[in-house]
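> Enclosed is the structure file model_39.cif (mmCIF, C-alpha atoms and all ligand atoms).
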data_model
loop_
_atom_site.label_atom_id
_atom_site.label_comp_id
_atom_site.auth_asym_id
_atom_site.auth_seq_id
_atom_site.Cartn_x
_atom_site.Cartn_y
_atom_site.Cartn_z
CA MET A 10 -12.30 -18.59 79.87
CA ASP A 11 -11.20 -22.19 79.41
CA ILE A 12 -12.24 -24.67 82.08
CA ILE A 13 -9.89 -27.31 80.72
CA THR A 14 -6.56 -25.55 80.12
CA SER A 15 -3.67 -26.45 77.83
CA ARG A 16 -1.71 -27.41 80.95
CA ASN A 17 -4.50 -29.87 81.85
CA LEU A 18 -4.30 -31.35 78.36
CA ASN A 19 -0.56 -31.68 78.66
CA ASP A 20 -0.93 -33.45 82.03
CA PHE A 21 -3.51 -35.75 80.48
CA ASP A 22 -1.04 -36.73 77.76
CA GLU A 23 1.93 -37.12 80.10
CA ARG A 24 0.40 -38.39 83.34
CA GLY A 25 -3.01 -39.65 82.18
CA PHE A 26 -5.00 -37.46 84.57
CA PHE A 27 -5.46 -33.96 85.96
CA ILE A 28 -7.57 -32.17 88.55
CA VAL A 29 -9.76 -29.44 87.07
CA GLU A 30 -9.26 -26.05 88.66
CA GLN A 31 -12.96 -25.15 88.46
CA LYS A 32 -15.10 -27.01 90.96
CA ILE A 33 -18.70 -28.21 90.74
CA SER A 34 -20.65 -25.36 92.37
CA SER A 35 -21.94 -25.65 95.93
CA GLU A 36 -25.48 -25.21 94.51
CA TRP A 37 -24.99 -28.32 92.43
CA LEU A 38 -23.38 -30.20 95.31
CA ASN A 39 -26.39 -29.37 97.50
CA LYS A 40 -28.86 -30.43 94.80
CA LEU A 41 -26.96 -33.69 94.27
CA ALA A 42 -26.84 -34.35 98.02
CA GLU A 43 -30.62 -33.83 98.30
CA GLU A 44 -31.30 -36.10 95.36
CA TYR A 45 -28.89 -38.65 96.75
CA GLU A 46 -30.76 -38.61 100.09
CA LYS A 47 -34.05 -39.29 98.30
CA TYR A 48 -32.72 -42.48 96.75
CA SER A 49 -30.49 -43.71 99.54
CA ALA A 50 -32.83 -43.14 102.53
CA ASP A 51 -33.73 -46.82 102.74
CA ASN A 52 -30.32 -48.05 101.74
CA PRO A 53 -27.35 -46.30 103.34
CA LYS A 54 -24.97 -48.40 101.20
CA TRP A 55 -26.58 -47.02 98.05
CA PHE A 56 -24.24 -47.60 95.12
CA GLN A 57 -25.96 -46.67 91.94
CA ARG A 58 -25.26 -47.52 88.32
CA ASN A 59 -26.86 -45.31 85.68
CA PRO A 60 -28.29 -42.67 88.05
CA HIS A 61 -29.14 -40.59 84.93
CA LEU A 62 -31.94 -43.08 84.23
CA LYS A 63 -33.39 -42.61 87.72
CA SER A 64 -33.59 -38.88 87.93
CA ASP A 65 -33.78 -35.84 85.63
CA LEU A 66 -31.41 -34.04 87.96
CA PHE A 67 -28.68 -36.65 87.52
CA ALA A 68 -29.34 -36.65 83.75
CA GLU A 69 -28.88 -32.87 83.74
CA PHE A 70 -25.75 -33.12 85.87
CA VAL A 71 -23.81 -35.23 83.36
CA LYS A 72 -24.12 -32.31 80.89
CA GLN A 73 -22.38 -29.77 83.16
CA PRO A 74 -20.22 -27.31 81.14
CA LEU A 75 -17.10 -28.81 82.71
CA PHE A 76 -17.89 -32.28 81.32
CA VAL A 77 -18.97 -30.85 77.97
CA GLU A 78 -15.67 -29.01 77.60
CA ALA A 79 -13.78 -32.16 78.62
CA CYS A 80 -15.67 -34.04 75.89
CA LYS A 81 -14.88 -31.39 73.28
CA LYS A 82 -11.17 -31.38 74.14
CA LEU A 83 -10.53 -35.03 74.96
CA VAL A 84 -13.21 -37.04 73.16
CA GLY A 85 -14.21 -35.09 70.06
CA PRO A 86 -17.14 -33.18 68.56
CA ASN A 87 -19.51 -36.16 68.87
CA ALA A 88 -19.56 -37.66 72.35
CA ASP A 89 -21.85 -39.94 74.32
CA LEU A 90 -22.13 -40.72 77.98
CA HIS A 91 -20.32 -44.04 78.40
CA TRP A 92 -21.50 -44.86 81.90
CA ASN A 93 -22.11 -43.08 85.15
CA LEU A 94 -22.40 -44.16 88.72
CA ILE A 95 -22.54 -42.94 92.27
CA ALA A 96 -20.07 -44.76 94.50
CA ASN A 97 -20.73 -44.46 98.20
CA LYS A 98 -18.32 -45.72 100.83
CA PRO A 99 -20.36 -45.73 104.03
CA PRO A 100 -18.70 -44.65 107.32
CA PHE A 101 -16.37 -47.33 108.75
CA GLN A 102 -17.66 -49.81 106.14
CA GLY A 103 -16.59 -48.55 102.73
CA LYS A 104 -14.18 -51.08 101.26
CA GLU A 105 -11.27 -50.85 98.86
CA PHE A 106 -11.41 -51.04 95.07
CA HIS A 107 -8.60 -53.04 93.47
CA TRP A 108 -6.02 -51.61 91.09
CA HIS A 109 -7.68 -51.52 87.70
CA GLN A 110 -8.06 -49.73 84.39
CA ASP A 111 -11.60 -48.55 83.65
CA ALA A 112 -11.21 -49.83 80.07
CA GLN A 113 -11.31 -53.36 81.52
CA TYR A 114 -14.93 -52.91 82.62
CA GLY A 115 -16.60 -53.76 79.34
CA LEU A 116 -14.30 -53.97 76.34
CA THR A 117 -14.89 -51.47 73.57
CA GLU A 118 -13.44 -50.52 70.22
CA PRO A 119 -11.70 -48.12 70.46
CA GLU A 120 -10.68 -48.68 74.08
CA HIS A 121 -10.01 -45.09 75.02
CA TYR A 122 -12.48 -42.91 76.84
CA ILE A 123 -12.41 -40.47 79.73
CA THR A 124 -13.63 -40.79 83.28
CA CYS A 125 -14.62 -37.72 85.29
CA TRP A 126 -14.53 -38.50 89.02
CA VAL A 127 -16.34 -35.93 91.14
CA ALA A 128 -15.75 -35.69 94.90
CA LEU A 129 -19.16 -35.11 96.47
CA ASP A 130 -17.48 -34.97 99.91
CA VAL A 131 -14.02 -34.00 101.07
CA VAL A 132 -11.98 -37.03 100.07
CA THR A 133 -8.83 -38.01 101.97
CA ILE A 134 -6.57 -41.03 102.44
CA ARG A 135 -8.50 -41.75 105.64
CA ASN A 136 -11.93 -41.93 103.99
CA GLY A 137 -10.95 -43.79 100.83
CA CYS A 138 -9.57 -41.43 98.18
CA LEU A 139 -8.40 -42.55 94.77
CA TRP A 140 -4.78 -43.55 94.22
CA VAL A 141 -3.37 -43.41 90.72
CA ILE A 142 -0.14 -44.35 88.96
CA PRO A 143 0.90 -41.36 86.86
CA GLY A 144 1.82 -42.33 83.30
CA SER A 145 0.28 -45.82 83.54
CA HIS A 146 -2.04 -44.97 80.62
CA LYS A 147 1.05 -45.50 78.45
CA TRP A 148 1.33 -49.14 79.54
CA GLY A 149 -1.54 -50.20 77.24
CA ARG A 150 -4.28 -52.60 78.23
CA LEU A 151 -3.25 -54.91 81.07
CA ASP A 152 -4.65 -58.32 81.97
CA HIS A 153 -7.10 -58.30 84.85
CA VAL A 154 -8.70 -61.01 86.94
CA LEU A 155 -12.26 -60.70 88.26
CA LEU A 156 -12.40 -61.13 92.06
CA ARG A 157 -15.30 -61.59 94.47
CA GLU A 158 -16.15 -59.27 97.33
CA THR A 159 -14.17 -59.87 100.53
CA GLU A 160 -14.11 -58.34 104.01
CA THR A 161 -11.90 -55.54 102.78
CA PHE A 162 -12.42 -55.31 99.00
CA TYR A 163 -15.44 -54.79 96.79
CA ALA A 164 -15.88 -57.30 93.98
CA GLY A 165 -14.05 -56.14 90.91
CA ARG A 166 -11.21 -56.51 88.50
CA LEU A 167 -7.60 -56.53 89.60
CA ALA A 168 -4.75 -55.77 87.21
CA HIS A 169 -1.83 -58.23 87.20
CA ASP A 170 1.65 -57.26 88.37
CA VAL A 171 1.07 -53.61 89.07
CA ASP A 172 4.28 -51.69 89.67
CA LYS A 173 2.90 -49.26 92.22
CA LYS A 174 6.03 -47.57 93.47
CA ASN A 175 4.97 -44.24 91.93
CA GLN A 176 1.37 -44.32 93.19
CA VAL A 177 -0.03 -41.01 94.41
CA PRO A 178 -3.15 -40.31 96.49
CA ILE A 179 -5.68 -37.88 95.02
CA GLU A 180 -7.05 -36.03 98.03
CA MET A 181 -9.77 -33.61 96.98
CA HIS A 182 -12.11 -30.91 98.23
CA ALA A 183 -15.84 -31.46 97.76
CA GLY A 184 -16.73 -30.41 94.21
CA GLU A 185 -13.29 -31.09 92.75
CA VAL A 186 -13.11 -33.22 89.63
CA VAL A 187 -10.29 -35.45 88.48
CA ILE A 188 -10.37 -36.51 84.83
CA PHE A 189 -8.46 -39.57 83.74
CA HIS A 190 -7.72 -41.74 80.74
CA SER A 191 -9.45 -45.15 80.69
CA HIS A 192 -6.05 -46.90 80.83
CA VAL A 193 -4.84 -45.16 83.97
CA LEU A 194 -4.31 -47.61 86.81
CA HIS A 195 -6.19 -46.55 89.91
CA ARG A 196 -7.63 -47.93 93.12
CA SER A 197 -9.33 -46.49 96.17
CA GLY A 198 -8.95 -47.12 99.89
CA SER A 199 -11.42 -48.03 102.60
CA ASN A 200 -13.42 -45.49 104.55
CA LEU A 201 -12.05 -45.38 108.09
CA SER A 202 -13.96 -42.22 108.97
CA ASP A 203 -17.35 -41.64 110.57
CA LYS A 204 -18.83 -39.94 107.48
CA PRO A 205 -19.86 -41.27 104.07
CA ARG A 206 -17.44 -40.81 101.16
CA ARG A 207 -19.43 -40.31 97.97
CA SER A 208 -18.26 -39.83 94.42
CA TYR A 209 -20.16 -39.22 91.19
CA ILE A 210 -18.34 -40.85 88.32
CA CYS A 211 -19.22 -40.18 84.70
CA ALA A 212 -17.39 -41.46 81.67
CA TYR A 213 -17.63 -40.29 78.05
CA HIS A 214 -16.63 -41.80 74.73
CA HIS A 215 -16.91 -40.71 71.13
CA CYS A 216 -20.10 -41.81 69.38
CA ASN A 217 -20.10 -45.00 67.29
CA LEU A 218 -18.19 -46.85 69.98
CA ILE A 219 -18.46 -50.61 69.50
CA TYR A 220 -19.18 -52.67 72.60
CA LEU A 221 -17.22 -55.93 72.47
CA THR A 222 -18.64 -57.11 75.80
CA ASP A 223 -21.77 -56.11 77.65
CA THR A 224 -20.95 -53.23 79.98
CA GLY A 225 -24.30 -53.36 81.73
CA MET A 226 -24.36 -49.61 81.26
CA LYS A 227 -26.83 -47.58 79.27
CA GLY A 228 -24.80 -44.43 78.78
CA ALA A 229 -24.31 -45.01 75.07
CA GLU A 230 -27.98 -44.31 74.59
CA PHE A 231 -27.40 -40.86 76.02
CA PRO A 232 -25.73 -38.51 73.53
CA ILE A 233 -23.93 -35.49 74.95
CA LEU A 234 -22.44 -33.70 71.92
CA ARG A 235 -23.14 -33.68 68.22
CA LYS A 236 -20.97 -31.47 66.03
CA ASN A 237 -19.77 -29.74 69.19
CA LYS A 238 -23.32 -28.75 70.22
CA VAL A 239 -24.83 -30.07 73.43
CA VAL A 240 -27.68 -32.44 72.61
CA GLY A 241 -30.92 -31.06 74.04
CA GLY A 242 -28.97 -28.06 75.40
O1 LIG B 1 -15.10 -44.22 93.76
C1 LIG B 1 -14.20 -45.03 94.01
O2 LIG B 1 -13.79 -45.22 95.14
C2 LIG B 1 -13.47 -45.78 92.94
C3 LIG B 1 -14.30 -46.14 91.83
C4 LIG B 1 -13.47 -46.60 90.70
O3 LIG B 1 -12.33 -46.89 90.81
C5 LIG B 1 -14.10 -46.70 89.40
O4 LIG B 1 -15.30 -46.47 89.29
O5 LIG B 1 -13.40 -47.01 88.44
#
What does the file become when written as structure tokens?
Ligand SMILES: O=C(O)CCC(=O)C(=O)O


Amino acid sequence: MDIITSRNLNDFDERGFFIVEQKISSEWLNKLAEEYEKYSADNPKWFQRNPHLKSDLFAEFVKQPLFVEACKKLVGPNADLHWNLIANKPPFQGKEFHWHQDAQYGLTEPEHYITCWVALDVVTIRNGCLWVIPGSHKWGRLDHVLLRETETFYAGRLAHDVDKKNQVPIEMHAGEVVIFHSHVLHRSGSNLSDKPRRSYICAYHHCNLIYLTDTGMKGAEFPILRKNKVVGG
């Protein structure tokens, strides 16, 4: 049975994102939580770029069937990991991310790729869920300004003149995955709860992507699919 349905693909075209019906299994969520504990024990704010380079388990995770099918249907028969990261918003401290398009973090040719955002915890408005603007992937690439960290925001890029009247929160159960286009405008709120809010975020592009600016990410060295077959699978 399809994990990514034709309805999902239609939503991706029209709205720029969709939530996958199948969830990451509780076995995987438990394994990820254990691995996360190992690395974050000394650093409760642990925010990790390229976790696949740290641990075989994370490297295996980014080849989950759900991501592979998303690559086949939205990227093409030859796909690489673009980047991946674990974003933790610690209890009462997790800050906001500005409105941005992922494609603005490291310019590439072509610009389009997909981001798979996995809720490792229950994610709500109160603990800092994502907010997205449906259809904003059709607005093309927008100018962004790079801003420093403040009391309430993490350092990051902010898109100019965002018309946010149609913004919607993406509240999710643990294990749910939202997949979005790299031009979709999104942000996330602060964590006002007493529990961490963790997400695992992995992005994929077709192979032969050209990096126009340094992304600081090593995902391109990590092939996922060649001729529709999982590399090393
Ligand atoms: O996990 C989050 O809160 C948001 C992260 C985000 O917006 C991103 O990685 O592009």

> Counting only C-alpha atoms, what is within 7 Å of A:Ile188, bar same-chain residues fewer than 5 positions away, as a PDB file with C-alpha atoms, in the coordinates of the input?


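Ended up saving to out_23.pdb:
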ATOM      1  CA  PHE A  26      -5.000 -37.460  84.570  1.00  0.00           C
ATOM      2  CA  PHE A  27      -5.460 -33.960  85.960  1.00  0.00           C
ATOM      3  CA  ILE A  28      -7.570 -32.170  88.550  1.00  0.00           C
ATOM      4  CA  ILE A 123     -12.410 -40.470  79.730  1.00  0.00           C
ATOM      5  CA  THR A 124     -13.630 -40.790  83.280  1.00  0.00           C
ATOM      6  CA  CYS A 125     -14.620 -37.720  85.290  1.00  0.00           C
ATOM      7  CA  TRP A 126     -14.530 -38.500  89.020  1.00  0.00           C
TER       8      TRP A 126
END

> Quick one: of A:Lys147, A:Lys98, A:Lys174, A:Arg235, who's nearest to A:Gln57, counting all atoms listed in the file?

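Checking each candidate against A:Gln57, we get A:Lys98 as the closest.
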
> Considering only C-alpha atoms, state which residue in the set A:Lys72, A:His107, A:His182, A:His153 is at the smallest distance from A:Ser35.

A:His182

> Using only C-alpha atoms - which residues lie no farther than 8 Å from the point (-28.0, -46.8, 86.8) in the file's frame? Write them as number ranges by chain.

A: 57-63, 93-94, 226-227

> Given the choices A:Phe189, A:Phe106, A:Tyr45, A:Phe162, which gets closest to ligand LIG 1 (chain B) if the distance is worked out from only C-alpha atoms and all ligand atoms?

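Distance minimum relative to ligand LIG 1 (chain B) lands on A:Phe106.
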
> Need the shell around A:Asn17: protein/DNA/RNA residues with any atom at most 10 Å away, counting all atoms listed in the file. Skip same-chain ones fewer than 3 positions apart. Format as a PyMOL selection string?

chain A and resi 12-14+20-30+188

> Take the residues that were just selected and, keeping C-alpha atoms, output them as a PDB file, in the coordinates of the input.


ATOM      1  CA  ILE A  12     -12.240 -24.670  82.080  1.00  0.00           C
ATOM      2  CA  ILE A  13      -9.890 -27.310  80.720  1.00  0.00           C
ATOM      3  CA  THR A  14      -6.560 -25.550  80.120  1.00  0.00           C
ATOM      4  CA  ASP A  20      -0.930 -33.450  82.030  1.00  0.00           C
ATOM      5  CA  PHE A  21      -3.510 -35.750  80.480  1.00  0.00           C
ATOM      6  CA  ASP A  22      -1.040 -36.730  77.760  1.00  0.00           C
ATOM      7  CA  GLU A  23       1.930 -37.120  80.100  1.00  0.00           C
ATOM      8  CA  ARG A  24       0.400 -38.390  83.340  1.00  0.00           C
ATOM      9  CA  GLY A  25      -3.010 -39.650  82.180  1.00  0.00           C
ATOM     10  CA  PHE A  26      -5.000 -37.460  84.570  1.00  0.00           C
ATOM     11  CA  PHE A  27      -5.460 -33.960  85.960  1.00  0.00           C
ATOM     12  CA  ILE A  28      -7.570 -32.170  88.550  1.00  0.00           C
ATOM     13  CA  VAL A  29      -9.760 -29.440  87.070  1.00  0.00           C
ATOM     14  CA  GLU A  30      -9.260 -26.050  88.660  1.00  0.00           C
ATOM     15  CA  ILE A 188     -10.370 -36.510  84.830  1.00  0.00           C
TER      16      ILE A 188
END

> Kindly compile the residues surrounding ligand LIG 1 (chain B) within 7 Å, counting only C-alpha atoms and all ligand atoms, and format them as a list in words.

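After applying the 7 Å limit, what remains is Ala96, Phe106, Asp111, Gly137, Cys138, Leu139, His195, Arg196, Ser197, Ser208 and Ile210 of chain A.
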
> Excluding stretch 202-205 of chain A and its own-chain neighbours fewer than 6 positions away, which residues fall within 9 Å of it when counting only C-alpha atoms? Please give them as a PyMOL selection string.

chain A and resi 97-103+130+135-137

> What would the list of residues within 10 Å of (-25.5, -31.1, 92.4) (file frame) look like as a PyMOL selection string, if all atoms listed in the file are what count?

chain A and resi 33-45+66-67+69-70+73+129+184+209

> Rank nothing, just name the residue among A:Leu194, A:Leu18, A:Met10, A:Val84 nearest to A:Pro119, using only C-alpha atoms.

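Using only C-alpha atoms, the shortest distance to A:Pro119 belongs to A:Val84.
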
> Which is closer to A:Val187 than all the others in A:Gln31, A:Arg166, A:Lys54, A:Thr133, using only C-alpha atoms?

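Between A:Gln31, A:Arg166, A:Lys54, A:Thr133, the residue approaching A:Val187 most closely is A:Gln31.
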
> Which one of A:Ala50, A:Val177, A:Ala212, A:Leu151 sits closest to A:Phe231 if you count all atoms listed in the file?

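Among the listed residues, the smallest separation from A:Phe231 belongs to A:Ala212.
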
> Rounded to one decimal in Å, what is the spacing between atom CA of A:Leu90 and atom CA of A:His121?

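Separation between atom CA of A:Leu90 and atom CA of A:His121: 13.2 Å.
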